[in-house]
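The next block is model_26.csv, given as CSV, C-alpha atoms.
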chain,number,residue,atom,x,y,z
A,1,MET,CA,35.7,-98.0,174.4
A,2,GLN,CA,37.7,-95.3,176.1
A,3,ASN,CA,40.6,-96.1,173.8
A,4,GLY,CA,38.3,-95.9,170.8
A,5,ALA,CA,37.2,-92.4,171.8
A,6,SER,CA,40.7,-91.3,172.4
A,7,ASP,CA,41.8,-92.7,169.0
A,8,VAL,CA,39.0,-90.7,167.3
A,9,LEU,CA,40.2,-87.5,169.1
A,10,ASN,CA,43.8,-88.1,168.1
A,11,GLN,CA,42.8,-88.9,164.5
A,12,PHE,CA,40.8,-85.7,164.4
A,13,ARG,CA,43.8,-83.8,165.7
A,14,GLN,CA,45.8,-85.1,162.8
A,15,GLY,CA,43.1,-83.8,160.4
A,16,ASP,CA,41.3,-87.1,159.6
A,17,VAL,CA,37.9,-86.2,158.1
A,18,GLY,CA,36.3,-89.5,159.1
A,19,ALA,CA,37.1,-88.9,162.8
A,20,PHE,CA,35.8,-85.3,162.3
A,21,GLU,CA,32.5,-86.7,161.0
A,22,MET,CA,32.2,-89.0,163.9
A,23,LEU,CA,32.7,-86.2,166.3
A,24,PHE,CA,30.2,-84.0,164.4
A,25,ARG,CA,27.5,-86.8,164.6
A,26,GLN,CA,28.2,-87.2,168.3
A,27,HIS,CA,28.2,-83.5,169.3
A,28,GLN,CA,26.1,-81.6,166.8
A,29,ARG,CA,22.9,-81.9,168.9
A,30,ALA,CA,24.6,-80.4,172.0
A,31,VAL,CA,26.3,-77.6,169.9
A,32,TYR,CA,23.0,-76.8,168.1
A,33,GLY,CA,21.0,-76.7,171.3
A,34,TRP,CA,23.6,-74.5,173.0
A,35,ILE,CA,23.6,-72.0,170.1
A,36,GLN,CA,19.8,-72.1,170.0
A,37,ARG,CA,19.7,-71.0,173.6
A,38,ILE,CA,21.9,-68.0,172.8
A,39,THR,CA,20.4,-66.9,169.4
A,40,ARG,CA,16.7,-68.0,170.1
A,41,ASP,CA,16.6,-68.5,166.3
A,42,GLN,CA,16.4,-72.0,164.8
A,43,ALA,CA,17.7,-71.0,161.3
A,44,ALA,CA,20.6,-69.1,162.8
A,45,ALA,CA,21.4,-72.0,165.1
A,46,GLU,CA,21.6,-74.3,162.1
A,47,GLU,CA,23.8,-71.9,160.2
A,48,LEU,CA,26.0,-71.3,163.3
A,49,THR,CA,26.4,-75.0,163.9
A,50,VAL,CA,27.9,-75.4,160.5
A,51,GLU,CA,30.1,-72.3,161.1
A,52,THR,CA,31.2,-73.8,164.5
A,53,PHE,CA,32.2,-77.2,163.1
A,54,TRP,CA,34.0,-75.4,160.3
A,55,ARG,CA,36.0,-73.4,162.9
A,56,ILE,CA,36.5,-76.6,164.9
A,57,HIS,CA,38.0,-78.3,161.8
A,58,ARG,CA,40.2,-75.3,161.0
A,59,ALA,CA,41.6,-75.4,164.5
A,60,HIS,CA,42.1,-79.2,164.7
A,61,ALA,CA,45.8,-79.0,165.1
A,62,ARG,CA,45.4,-76.8,168.2
A,63,PHE,CA,43.0,-79.3,169.9
A,64,ASP,CA,44.2,-80.9,173.1
A,65,PRO,CA,42.6,-84.3,173.5
A,66,ALA,CA,43.3,-84.2,177.2
A,67,GLN,CA,40.9,-81.3,177.6
A,68,GLY,CA,38.0,-83.1,176.0
A,69,PHE,CA,36.0,-82.2,172.9
A,70,GLU,CA,32.7,-81.1,174.3
A,71,GLY,CA,33.9,-78.1,176.3
A,72,TRP,CA,36.2,-77.0,173.5
A,73,ALA,CA,33.4,-77.2,170.9
A,74,ARG,CA,31.1,-75.3,173.2
A,75,ARG,CA,33.6,-72.5,173.6
A,76,ILE,CA,33.9,-72.2,169.8
A,77,ALA,CA,30.1,-72.3,169.4
A,78,THR,CA,29.7,-69.6,172.0
A,79,ARG,CA,32.3,-67.4,170.1
A,80,ALA,CA,30.5,-68.0,166.8
A,81,ALA,CA,27.1,-67.1,168.4
A,82,LEU,CA,28.7,-64.0,170.0
A,83,ASP,CA,30.0,-62.9,166.6
A,84,TRP,CA,26.5,-63.4,165.2
A,85,LEU,CA,24.9,-61.4,168.0
A,86,ARG,CA,27.3,-58.5,167.3
A,87,MET,CA,26.7,-58.6,163.6
A,88,THR,CA,22.9,-58.8,163.8
A,89,ARG,CA,22.5,-56.6,166.8
A,90,ALA,CA,21.6,-53.4,165.0
A,91,ARG,CA,19.0,-54.8,162.6
A,92,HIS,CA,17.8,-57.4,165.0
A,93,VAL,CA,16.9,-54.8,167.6
A,94,GLU,CA,14.8,-52.7,165.3
A,95,SER,CA,13.1,-55.3,163.1
A,96,GLU,CA,13.3,-59.0,163.6
A,97,LEU,CA,13.8,-59.0,167.3
A,98,SER,CA,10.8,-56.8,168.1
A,99,ALA,CA,8.5,-58.8,165.9
A,100,GLU,CA,9.8,-62.1,167.1
A,101,LEU,CA,9.9,-61.1,170.7
A,102,CYS,CA,6.5,-59.5,170.7
A,103,ALA,CA,5.1,-62.7,169.4
A,104,GLU,CA,7.1,-64.6,172.1
A,105,VAL,CA,6.1,-62.3,175.0
A,106,ALA,CA,2.4,-62.2,174.0
A,107,ALA,CA,1.6,-65.3,176.0
A,108,PRO,CA,4.2,-66.1,178.7
A,109,SER,CA,3.4,-69.1,180.8
A,110,ALA,CA,3.8,-67.7,184.3
A,111,ALA,CA,3.5,-64.0,183.8
A,112,ASP,CA,2.8,-61.5,186.5
A,113,PRO,CA,-0.6,-60.0,185.6
A,114,ALA,CA,0.7,-56.6,186.7
A,115,VAL,CA,3.3,-56.6,184.0
A,116,THR,CA,1.5,-55.9,180.7
A,117,ALA,CA,2.4,-57.4,177.4
A,118,GLU,CA,3.6,-53.9,176.3
A,119,ILE,CA,6.0,-53.7,179.2
A,120,ARG,CA,7.3,-57.2,178.5
A,121,SER,CA,7.8,-56.2,174.8
A,122,LYS,CA,9.7,-53.1,175.9
A,123,ILE,CA,11.9,-55.2,178.2
A,124,ALA,CA,12.6,-57.6,175.4
A,125,GLN,CA,13.5,-54.8,173.0
A,126,ALA,CA,15.7,-53.1,175.6
A,127,PHE,CA,17.4,-56.4,176.2
A,128,GLY,CA,18.1,-56.7,172.5
A,129,ARG,CA,19.9,-53.3,172.6
A,130,LEU,CA,22.4,-54.5,175.2
A,131,PRO,CA,26.0,-55.0,174.1
A,132,ALA,CA,26.4,-58.6,172.8
A,133,LYS,CA,28.8,-59.7,175.6
A,134,LEU,CA,26.4,-58.6,178.3
A,135,ARG,CA,23.4,-60.0,176.5
A,136,ILE,CA,25.0,-63.5,176.0
A,137,ALA,CA,25.9,-63.7,179.7
A,138,ALA,CA,22.5,-62.7,180.9
A,139,THR,CA,20.8,-64.9,178.3
A,140,LEU,CA,22.6,-68.0,179.5
A,141,ALA,CA,22.7,-67.3,183.2
A,142,VAL,CA,19.4,-65.6,183.8
A,143,ILE,CA,17.0,-66.6,181.1
A,144,GLU,CA,18.3,-70.1,180.4
A,145,GLU,CA,19.3,-70.6,184.0
A,146,GLN,CA,22.6,-72.3,183.1
A,147,PRO,CA,25.0,-72.8,186.0
A,148,HIS,CA,27.5,-69.9,186.2
A,149,LYS,CA,30.4,-72.3,186.1
A,150,GLU,CA,29.2,-73.6,182.7
A,151,VAL,CA,28.6,-70.1,181.3
A,152,ALA,CA,32.0,-69.0,182.5
A,153,ALA,CA,33.7,-72.0,180.8
A,154,ALA,CA,31.8,-71.3,177.6
A,155,LEU,CA,32.7,-67.7,177.5
A,156,GLY,CA,36.3,-68.3,178.6
A,157,ILE,CA,36.0,-66.0,181.7
A,158,SER,CA,35.8,-66.5,185.4
A,159,VAL,CA,32.6,-67.1,187.4
A,160,ALA,CA,33.0,-63.7,189.0
A,161,ALA,CA,33.2,-62.0,185.6
A,162,VAL,CA,30.0,-63.8,184.6
A,163,LYS,CA,28.2,-62.4,187.7
A,164,LEU,CA,29.6,-59.0,186.9
A,165,ARG,CA,28.4,-59.1,183.3
A,166,VAL,CA,24.9,-60.2,184.4
A,167,PHE,CA,24.8,-57.4,187.0
A,168,ARG,CA,25.9,-54.8,184.4
A,169,ALA,CA,23.3,-56.2,181.9
A,170,LEU,CA,20.5,-55.9,184.5
A,171,ARG,CA,21.6,-52.4,185.5
A,172,LYS,CA,21.8,-51.2,181.9
A,173,LEU,CA,18.4,-52.8,181.2
A,174,ARG,CA,16.9,-51.0,184.2
A,175,THR,CA,18.4,-47.7,183.1
A,176,ASP,CA,17.0,-48.1,179.6
A,177,LEU,CA,13.6,-48.9,180.9
A,178,GLU,CA,13.6,-45.9,183.3
A,179,LYS,CA,14.5,-43.7,180.4
A,180,GLN,CA,11.3,-44.9,178.7
A,181,GLY,CA,9.3,-44.1,181.8
A,182,ILE,CA,9.0,-47.7,183.0
A,183,THR,CA,10.0,-48.2,186.7
A,184,PRO,CA,10.7,-51.9,187.1
B,1,MET,CA,20.9,-51.5,192.3
B,2,ASN,CA,20.5,-53.6,195.3
B,3,THR,CA,19.9,-57.4,195.5
B,4,HIS,CA,16.1,-57.0,195.6
B,5,ASP,CA,16.2,-54.9,192.5
B,6,GLU,CA,18.5,-57.4,190.8
B,7,GLU,CA,16.1,-60.2,191.6
B,8,ARG,CA,13.2,-58.2,190.4
B,9,MET,CA,14.9,-57.5,187.1
B,10,LYS,CA,15.8,-61.1,186.7
B,11,LYS,CA,12.2,-62.1,187.2
B,12,LEU,CA,11.0,-59.5,184.8
B,13,LEU,CA,13.5,-60.6,182.2
B,14,ARG,CA,12.5,-64.2,182.5
B,15,GLN,CA,8.8,-63.2,182.1
B,16,SER,CA,9.5,-61.2,179.1
B,17,LEU,CA,11.9,-63.7,177.4
B,18,PRO,CA,11.0,-67.2,178.6
B,19,PRO,CA,13.7,-69.9,178.1
B,20,VAL,CA,13.6,-71.3,174.6
B,21,GLU,CA,12.3,-74.8,174.1
B,22,VAL,CA,15.4,-76.3,172.5
B,23,GLU,CA,14.7,-78.5,169.5
B,24,ALA,CA,16.5,-81.8,170.0
B,25,GLU,CA,17.9,-81.8,166.5
B,26,PRO,CA,18.4,-79.5,163.6
B,27,GLY,CA,15.7,-79.6,161.0
B,28,ARG,CA,18.0,-81.1,158.4
B,29,ASP,CA,21.3,-83.0,158.1
B,30,LEU,CA,24.0,-80.4,158.5
B,31,TRP,CA,26.9,-82.6,157.5
B,32,PRO,CA,26.7,-81.8,153.8
B,33,ASP,CA,26.8,-78.1,154.6
B,34,VAL,CA,29.9,-78.6,156.8
B,35,LEU,CA,31.6,-80.5,154.0
B,36,ARG,CA,30.7,-77.8,151.5
B,37,ARG,CA,32.1,-75.2,153.9
B,38,LEU,CA,35.4,-77.2,154.3
B,39,ASP,CA,35.7,-77.4,150.5
B,40,ALA,CA,35.1,-73.7,150.1
B,41,GLY,CA,37.7,-73.0,152.8
B,42,ALA,CA,40.3,-75.2,151.1
B,43,ASP,CA,39.7,-73.6,147.7
B,44,ALA,CA,40.0,-70.1,149.3
B,45,GLN,CA,43.2,-71.1,151.0
B,46,ALA,CA,44.6,-72.4,147.7
B,47,ILE,CA,43.6,-69.2,145.9
B,48,SER,CA,45.0,-67.0,148.6
B,49,GLY,CA,48.2,-69.1,148.6
B,50,TRP,CA,48.8,-68.5,144.9
B,51,ALA,CA,47.9,-64.8,145.2
B,52,TRP,CA,50.5,-64.4,147.9
B,53,PHE,CA,53.1,-66.2,145.8
B,54,ASP,CA,52.3,-64.2,142.7
B,55,GLY,CA,52.4,-61.0,144.6
B,56,ALA,CA,55.8,-61.7,146.1
B,57,LEU,CA,57.2,-62.7,142.7
B,58,LEU,CA,55.9,-59.5,141.1
B,59,ALA,CA,57.2,-57.3,143.9
B,60,GLY,CA,60.6,-59.0,143.6
B,61,LEU,CA,60.7,-58.4,139.9
B,62,VAL,CA,59.7,-54.7,140.2
B,63,GLY,CA,62.3,-54.2,142.9
B,64,LEU,CA,65.0,-55.8,140.8
B,65,VAL,CA,64.1,-53.7,137.8
B,66,ALA,CA,64.0,-50.5,139.9
B,67,ILE,CA,67.5,-51.3,141.3
B,68,PHE,CA,69.0,-52.5,138.0
B,69,PRO,CA,67.1,-50.7,135.1
B,70,SER,CA,69.7,-52.1,132.7
B,71,ALA,CA,68.3,-55.6,133.3
B,72,ILE,CA,65.0,-54.6,131.6
B,73,PRO,CA,66.2,-55.7,128.0
B,74,VAL,CA,67.4,-59.0,129.5
B,75,PHE,CA,63.9,-59.6,131.0
B,76,LEU,CA,62.2,-58.6,127.8
B,77,TYR,CA,64.4,-61.0,125.9
B,78,TYR,CA,63.4,-63.9,128.1
B,79,LEU,CA,59.6,-63.1,128.0
Show me, as C-alpha coordinates, the structure contained in the file I just sent.
Amino acid sequence: MQNGASDVLNQFRQGDVGAFEMLFRQHQRAVYGWIQRITRDQAAAEELTVETFWRIHRAHARFDPAQGFEGWARRIATRAALDWLRMTRARHVESELSAELCAEVAAPSAADPAVTAEIRSKIAQAFGRLPAKLRIAATLAVIEEQPHKEVAAALGISVAAVKLRVFRALRKLRTDLEKQGITP
Amino acid sequence: MNTHDEERMKKLLRQSLPPVEVEAEPGRDLWPDVLRRLDAGADAQAISGWAWFDGALLAGLVGLVAIFPSAIPVFLYYL
(Lines of atoms letter the chains of each structure in order from A and count residues from 1; the text may use other names and numbers.)
(Lines give C-alpha, C1' and ligand atoms only; values in the text may rest on other atoms or scores of the structure.)
Protein backbone atom coordinates (compact mmCIF):
# COMPACT_ATOMS: atom_id res chain seq x y z
CA MET A 1 0.00 0.00 0.00
CA GLN A 2 2.82 2.34 1.04
CA ASN A 3 4.72 1.35 -2.10
CA GLY A 4 1.62 1.98 -4.20
CA ALA A 5 1.26 5.52 -2.83
CA SER A 6 4.95 6.16 -3.34
CA ASP A 7 4.70 4.89 -6.93
CA VAL A 8 1.83 7.29 -7.61
CA LEU A 9 3.87 10.21 -6.24
CA ASN A 10 6.88 9.25 -8.36
CA GLN A 11 4.72 8.83 -11.46
CA PHE A 12 3.15 12.22 -10.81
CA ARG A 13 6.61 13.74 -10.50
CA GLN A 14 7.39 12.39 -13.95
CA GLY A 15 4.28 14.09 -15.34
CA ASP A 16 1.91 11.10 -15.53
CA VAL A 17 -1.65 12.45 -15.89
CA GLY A 18 -3.21 9.25 -14.51
CA ALA A 19 -1.21 9.60 -11.29
CA PHE A 20 -2.15 13.28 -11.16
CA GLU A 21 -5.85 12.41 -11.44
CA MET A 22 -5.48 9.89 -8.59
CA LEU A 23 -3.89 12.57 -6.41
CA PHE A 24 -6.58 15.05 -7.42
CA ARG A 25 -9.37 12.65 -6.41
CA GLN A 26 -7.59 11.91 -3.14
CA HIS A 27 -6.84 15.49 -2.10
CA GLN A 28 -9.41 17.75 -3.76
CA ARG A 29 -11.73 17.77 -0.71
CA ALA A 30 -8.95 18.84 1.64
CA VAL A 31 -7.71 21.51 -0.78
CA TYR A 32 -11.23 22.78 -1.44
CA GLY A 33 -12.06 22.89 2.29
CA TRP A 34 -8.86 24.77 3.12
CA ILE A 35 -9.48 27.35 0.39
CA GLN A 36 -13.08 27.75 1.50
CA ARG A 37 -11.89 28.61 5.00
CA ILE A 38 -9.73 31.39 3.56
CA THR A 39 -12.07 32.81 0.93
CA ARG A 40 -15.40 32.16 2.70
CA ASP A 41 -16.83 31.85 -0.80
CA GLN A 42 -17.95 28.54 -2.28
CA ALA A 43 -17.73 29.55 -5.95
CA ALA A 44 -14.29 31.10 -5.46
CA ALA A 45 -13.17 27.97 -3.60
CA GLU A 46 -14.15 25.81 -6.60
CA GLU A 47 -12.37 28.10 -9.03
CA LEU A 48 -9.26 28.23 -6.84
CA THR A 49 -9.22 24.46 -6.37
CA VAL A 50 -8.92 24.15 -10.16
CA GLU A 51 -6.24 26.87 -10.19
CA THR A 52 -4.36 25.11 -7.37
CA PHE A 53 -4.30 21.75 -9.14
CA TRP A 54 -3.22 23.45 -12.35
CA ARG A 55 -0.32 25.06 -10.45
CA ILE A 56 0.43 21.68 -8.85
CA HIS A 57 0.63 20.03 -12.24
CA ARG A 58 2.78 22.82 -13.64
CA ALA A 59 5.24 22.33 -10.76
CA HIS A 60 5.24 18.51 -10.87
CA ALA A 61 8.95 18.28 -11.71
CA ARG A 62 9.84 20.26 -8.56
CA PHE A 63 7.77 18.02 -6.27
CA ASP A 64 9.74 16.09 -3.68
CA PRO A 65 7.89 12.84 -2.84
CA ALA A 66 9.79 12.62 0.47
CA GLN A 67 8.06 15.82 1.70
CA GLY A 68 4.55 14.45 1.10
CA PHE A 69 1.82 15.72 -1.19
CA GLU A 70 -0.73 17.13 1.26
CA GLY A 71 1.44 19.86 2.80
CA TRP A 72 2.82 20.84 -0.59
CA ALA A 73 -0.68 21.07 -2.07
CA ARG A 74 -1.86 23.12 0.89
CA ARG A 75 0.98 25.60 0.46
CA ILE A 76 0.13 26.03 -3.22
CA ALA A 77 -3.57 26.37 -2.36
CA THR A 78 -2.77 29.02 0.25
CA ARG A 79 -0.72 30.99 -2.28
CA ALA A 80 -3.54 30.78 -4.84
CA ALA A 81 -6.04 31.96 -2.22
CA LEU A 82 -3.72 34.77 -1.16
CA ASP A 83 -3.44 35.94 -4.79
CA TRP A 84 -7.23 35.88 -5.00
CA LEU A 85 -7.56 37.90 -1.78
CA ARG A 86 -5.14 40.49 -3.14
CA MET A 87 -6.94 40.68 -6.47
CA THR A 88 -10.43 40.90 -5.07
CA ARG A 89 -9.63 43.01 -1.99
CA ALA A 90 -10.66 46.39 -3.35
CA ARG A 91 -13.99 45.43 -4.86
CA HIS A 92 -14.68 42.82 -2.21
CA VAL A 93 -14.41 45.34 0.57
CA GLU A 94 -16.83 47.80 -0.86
CA SER A 95 -19.43 45.57 -2.43
CA GLU A 96 -19.60 41.80 -2.12
CA LEU A 97 -17.95 41.52 1.26
CA SER A 98 -20.18 44.02 2.94
CA ALA A 99 -23.35 42.44 1.57
CA GLU A 100 -22.16 38.90 2.23
CA LEU A 101 -20.80 39.67 5.65
CA CYS A 102 -23.78 41.71 6.74
CA ALA A 103 -25.92 38.68 5.98
CA GLU A 104 -23.44 36.48 7.78
CA VAL A 105 -23.12 38.65 10.87
CA ALA A 106 -26.84 39.22 11.20
CA ALA A 107 -27.36 36.14 13.29
CA PRO A 108 -24.18 34.87 14.93
CA SER A 109 -24.68 31.88 17.18
CA ALA A 110 -22.99 32.99 20.39
CA ALA A 111 -22.91 36.76 20.02
CA ASP A 112 -22.40 39.16 22.88
CA PRO A 113 -25.71 41.08 23.13
CA ALA A 114 -23.74 44.26 23.87
CA VAL A 115 -22.15 44.06 20.43
CA THR A 116 -24.78 45.18 17.95
CA ALA A 117 -25.21 43.84 14.45
CA GLU A 118 -24.02 47.21 13.13
CA ILE A 119 -20.76 46.96 15.06
CA ARG A 120 -20.25 43.40 13.90
CA SER A 121 -20.83 44.52 10.34
CA LYS A 122 -18.28 47.34 10.75
CA ILE A 123 -15.75 44.91 12.21
CA ALA A 124 -16.30 42.57 9.27
CA GLN A 125 -15.85 45.41 6.78
CA ALA A 126 -12.73 46.71 8.57
CA PHE A 127 -11.36 43.17 8.49
CA GLY A 128 -11.92 43.09 4.73
CA ARG A 129 -9.79 46.23 4.40
CA LEU A 130 -6.75 44.60 6.01
CA PRO A 131 -3.78 43.70 3.78
CA ALA A 132 -4.24 40.21 2.36
CA LYS A 133 -1.27 38.66 4.15
CA LEU A 134 -2.49 39.85 7.56
CA ARG A 135 -6.05 38.89 6.77
CA ILE A 136 -5.17 35.35 5.74
CA ALA A 137 -3.14 34.77 8.93
CA ALA A 138 -5.92 36.14 11.15
CA THR A 139 -8.61 34.23 9.26
CA LEU A 140 -6.88 30.91 9.69
CA ALA A 141 -5.47 31.39 13.20
CA VAL A 142 -8.25 33.40 14.89
CA ILE A 143 -11.52 32.83 13.03
CA GLU A 144 -10.94 29.26 11.89
CA GLU A 145 -8.84 28.44 14.98
CA GLN A 146 -6.32 26.39 13.03
CA PRO A 147 -3.13 25.49 14.93
CA HIS A 148 -0.40 28.10 14.46
CA LYS A 149 1.97 25.38 13.28
CA GLU A 150 -0.36 24.42 10.42
CA VAL A 151 -0.94 28.06 9.46
CA ALA A 152 2.82 28.65 9.45
CA ALA A 153 3.42 25.61 7.24
CA ALA A 154 0.69 26.68 4.81
CA LEU A 155 2.02 30.23 4.56
CA GLY A 156 5.65 29.13 4.43
CA ILE A 157 6.62 31.27 7.43
CA SER A 158 7.57 30.59 11.06
CA VAL A 159 5.11 30.24 13.95
CA ALA A 160 6.50 33.47 15.41
CA ALA A 161 5.78 35.26 12.12
CA VAL A 162 2.18 33.97 12.18
CA LYS A 163 1.72 35.32 15.72
CA LEU A 164 3.18 38.65 14.65
CA ARG A 165 0.88 38.89 11.62
CA VAL A 166 -2.14 38.06 13.77
CA PHE A 167 -1.12 40.70 16.30
CA ARG A 168 -0.62 43.31 13.56
CA ALA A 169 -3.97 42.39 12.01
CA LEU A 170 -5.77 42.86 15.32
CA ARG A 171 -3.97 46.12 16.03
CA LYS A 172 -4.82 47.53 12.58
CA LEU A 173 -8.40 46.39 13.01
CA ARG A 174 -8.62 48.13 16.36
CA THR A 175 -7.14 51.34 14.91
CA ASP A 176 -9.59 51.25 12.00
CA LEU A 177 -12.53 50.80 14.39
CA GLU A 178 -11.32 53.58 16.67
CA LYS A 179 -11.20 55.91 13.65
CA GLN A 180 -14.87 55.12 13.09
CA GLY A 181 -15.63 55.99 16.69
CA ILE A 182 -15.96 52.39 17.85
CA THR A 183 -13.99 51.52 20.98
CA PRO A 184 -13.58 47.75 21.05
CA MET B 1 -2.33 46.74 22.67
CA ASN B 2 -2.04 44.44 25.68
CA THR B 3 -2.97 40.77 25.97
CA HIS B 4 -6.43 41.60 27.30
CA ASP B 5 -7.13 43.89 24.31
CA GLU B 6 -5.82 41.23 21.96
CA GLU B 7 -8.12 38.60 23.41
CA ARG B 8 -11.06 41.03 23.27
CA MET B 9 -10.35 41.77 19.58
CA LYS B 10 -10.12 38.05 18.82
CA LYS B 11 -13.47 37.47 20.51
CA LEU B 12 -15.08 40.35 18.63
CA LEU B 13 -13.67 39.12 15.34
CA ARG B 14 -14.99 35.60 15.92
CA GLN B 15 -18.41 37.01 16.78
CA SER B 16 -18.43 39.17 13.66
CA LEU B 17 -17.10 36.52 11.33
CA PRO B 18 -17.97 33.07 12.63
CA PRO B 19 -15.98 30.12 11.23
CA VAL B 20 -17.31 28.90 7.90
CA GLU B 21 -19.17 25.64 7.75
CA VAL B 22 -16.95 23.95 5.25
CA GLU B 23 -18.78 22.01 2.57
CA ALA B 24 -17.37 18.52 2.45
CA GLU B 25 -17.17 18.49 -1.34
CA PRO B 26 -17.29 20.96 -4.19
CA GLY B 27 -20.74 21.27 -5.75
CA ARG B 28 -19.56 19.67 -9.01
CA ASP B 29 -16.82 17.46 -10.39
CA LEU B 30 -13.84 19.76 -10.89
CA TRP B 31 -11.66 17.27 -12.79
CA PRO B 32 -12.97 18.28 -16.27
CA ASP B 33 -12.15 21.91 -15.41
CA VAL B 34 -8.63 20.92 -14.35
CA LEU B 35 -8.15 19.01 -17.63
CA ARG B 36 -9.42 21.99 -19.64
CA ARG B 37 -7.00 24.23 -17.76
CA LEU B 38 -4.11 21.85 -18.47
CA ASP B 39 -5.00 21.81 -22.19
CA ALA B 40 -5.27 25.60 -22.30
CA GLY B 41 -1.89 25.87 -20.54
CA ALA B 42 -0.27 23.46 -23.02
CA ASP B 43 -1.71 25.40 -26.01
CA ALA B 44 -0.50 28.71 -24.57
CA GLN B 45 2.95 27.22 -24.04
CA ALA B 46 3.04 25.98 -27.63
CA ILE B 47 1.93 29.38 -28.95
CA SER B 48 4.41 31.29 -26.80
CA GLY B 49 7.15 28.84 -27.84
CA TRP B 50 6.57 29.58 -31.54
CA ALA B 51 6.27 33.32 -30.91
CA TRP B 52 9.64 33.30 -29.17
CA PHE B 53 11.25 31.32 -32.00
CA ASP B 54 9.73 33.52 -34.71
CA GLY B 55 10.79 36.66 -32.86
CA ALA B 56 14.38 35.45 -32.52
CA LEU B 57 14.53 34.51 -36.21
CA LEU B 58 13.19 37.90 -37.27
CA ALA B 59 15.57 39.75 -34.94
CA GLY B 60 18.51 37.76 -36.37
CA LEU B 61 17.45 38.57 -39.92
CA VAL B 62 17.04 42.28 -39.19
CA GLY B 63 20.44 42.35 -37.47
CA LEU B 64 22.09 40.61 -40.40
CA VAL B 65 20.52 43.00 -42.90
CA ALA B 66 21.58 46.00 -40.78
CA ILE B 67 25.19 44.79 -40.68
CA PHE B 68 25.35 43.56 -44.29
CA PRO B 69 22.93 45.71 -46.35
CA SER B 70 24.41 44.25 -49.50
CA ALA B 71 22.82 40.91 -48.55
CA ILE B 72 19.28 42.31 -49.11
CA PRO B 73 19.15 41.36 -52.84
CA VAL B 74 20.31 37.85 -51.94
CA PHE B 75 17.48 37.49 -49.35
CA LEU B 76 14.96 38.90 -51.82
CA TYR B 77 16.16 36.40 -54.43
CA TYR B 78 15.50 33.50 -52.02
CA LEU B 79 12.07 34.76 -50.90
Item to complete: Report as a PyMOL selection string the set of chain B residues whose atoms approach chain A to within 7 Å, with distances computed over all atoms listed in the file.
Response: chain B and resi 1+6+9-10+13-20+22-26+30+33-34+37-38
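Using all atoms listed in the file, the smallest distance between any of A:Arg75, A:His27, A:Arg62, A:Arg86 and Leu130 (chain A) comes from A:Arg86.
Near Val151 (chain A), within 8 Å and counting all atoms listed in the file, sit Ala137, Leu140, Ala141, Gln146, Pro147, Leu155, Val159 and Val162 of chain A; same-chain residues fewer than 4 positions away were not included.
Remark: for Phe63 (chain A), the closest of the candidate residues A:Ile76, A:Ala44, A:Ala152, A:Met87 is A:Ile76 (distances computed over all atoms listed in the file).
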Separating CA of Gln67 (chain A) from CA of Ile136 (chain A), to the nearest tenth of an Å, is a gap of 23.9 Å
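Computed from the coordinates, the CA of Asp64 (chain A) to CA of Arg165 (chain A) distance equals 28.8 Å.
For the pair CA of Glu21 (chain B) and CA of Thr3 (chain B), the interatomic distance is 28.6 Å.
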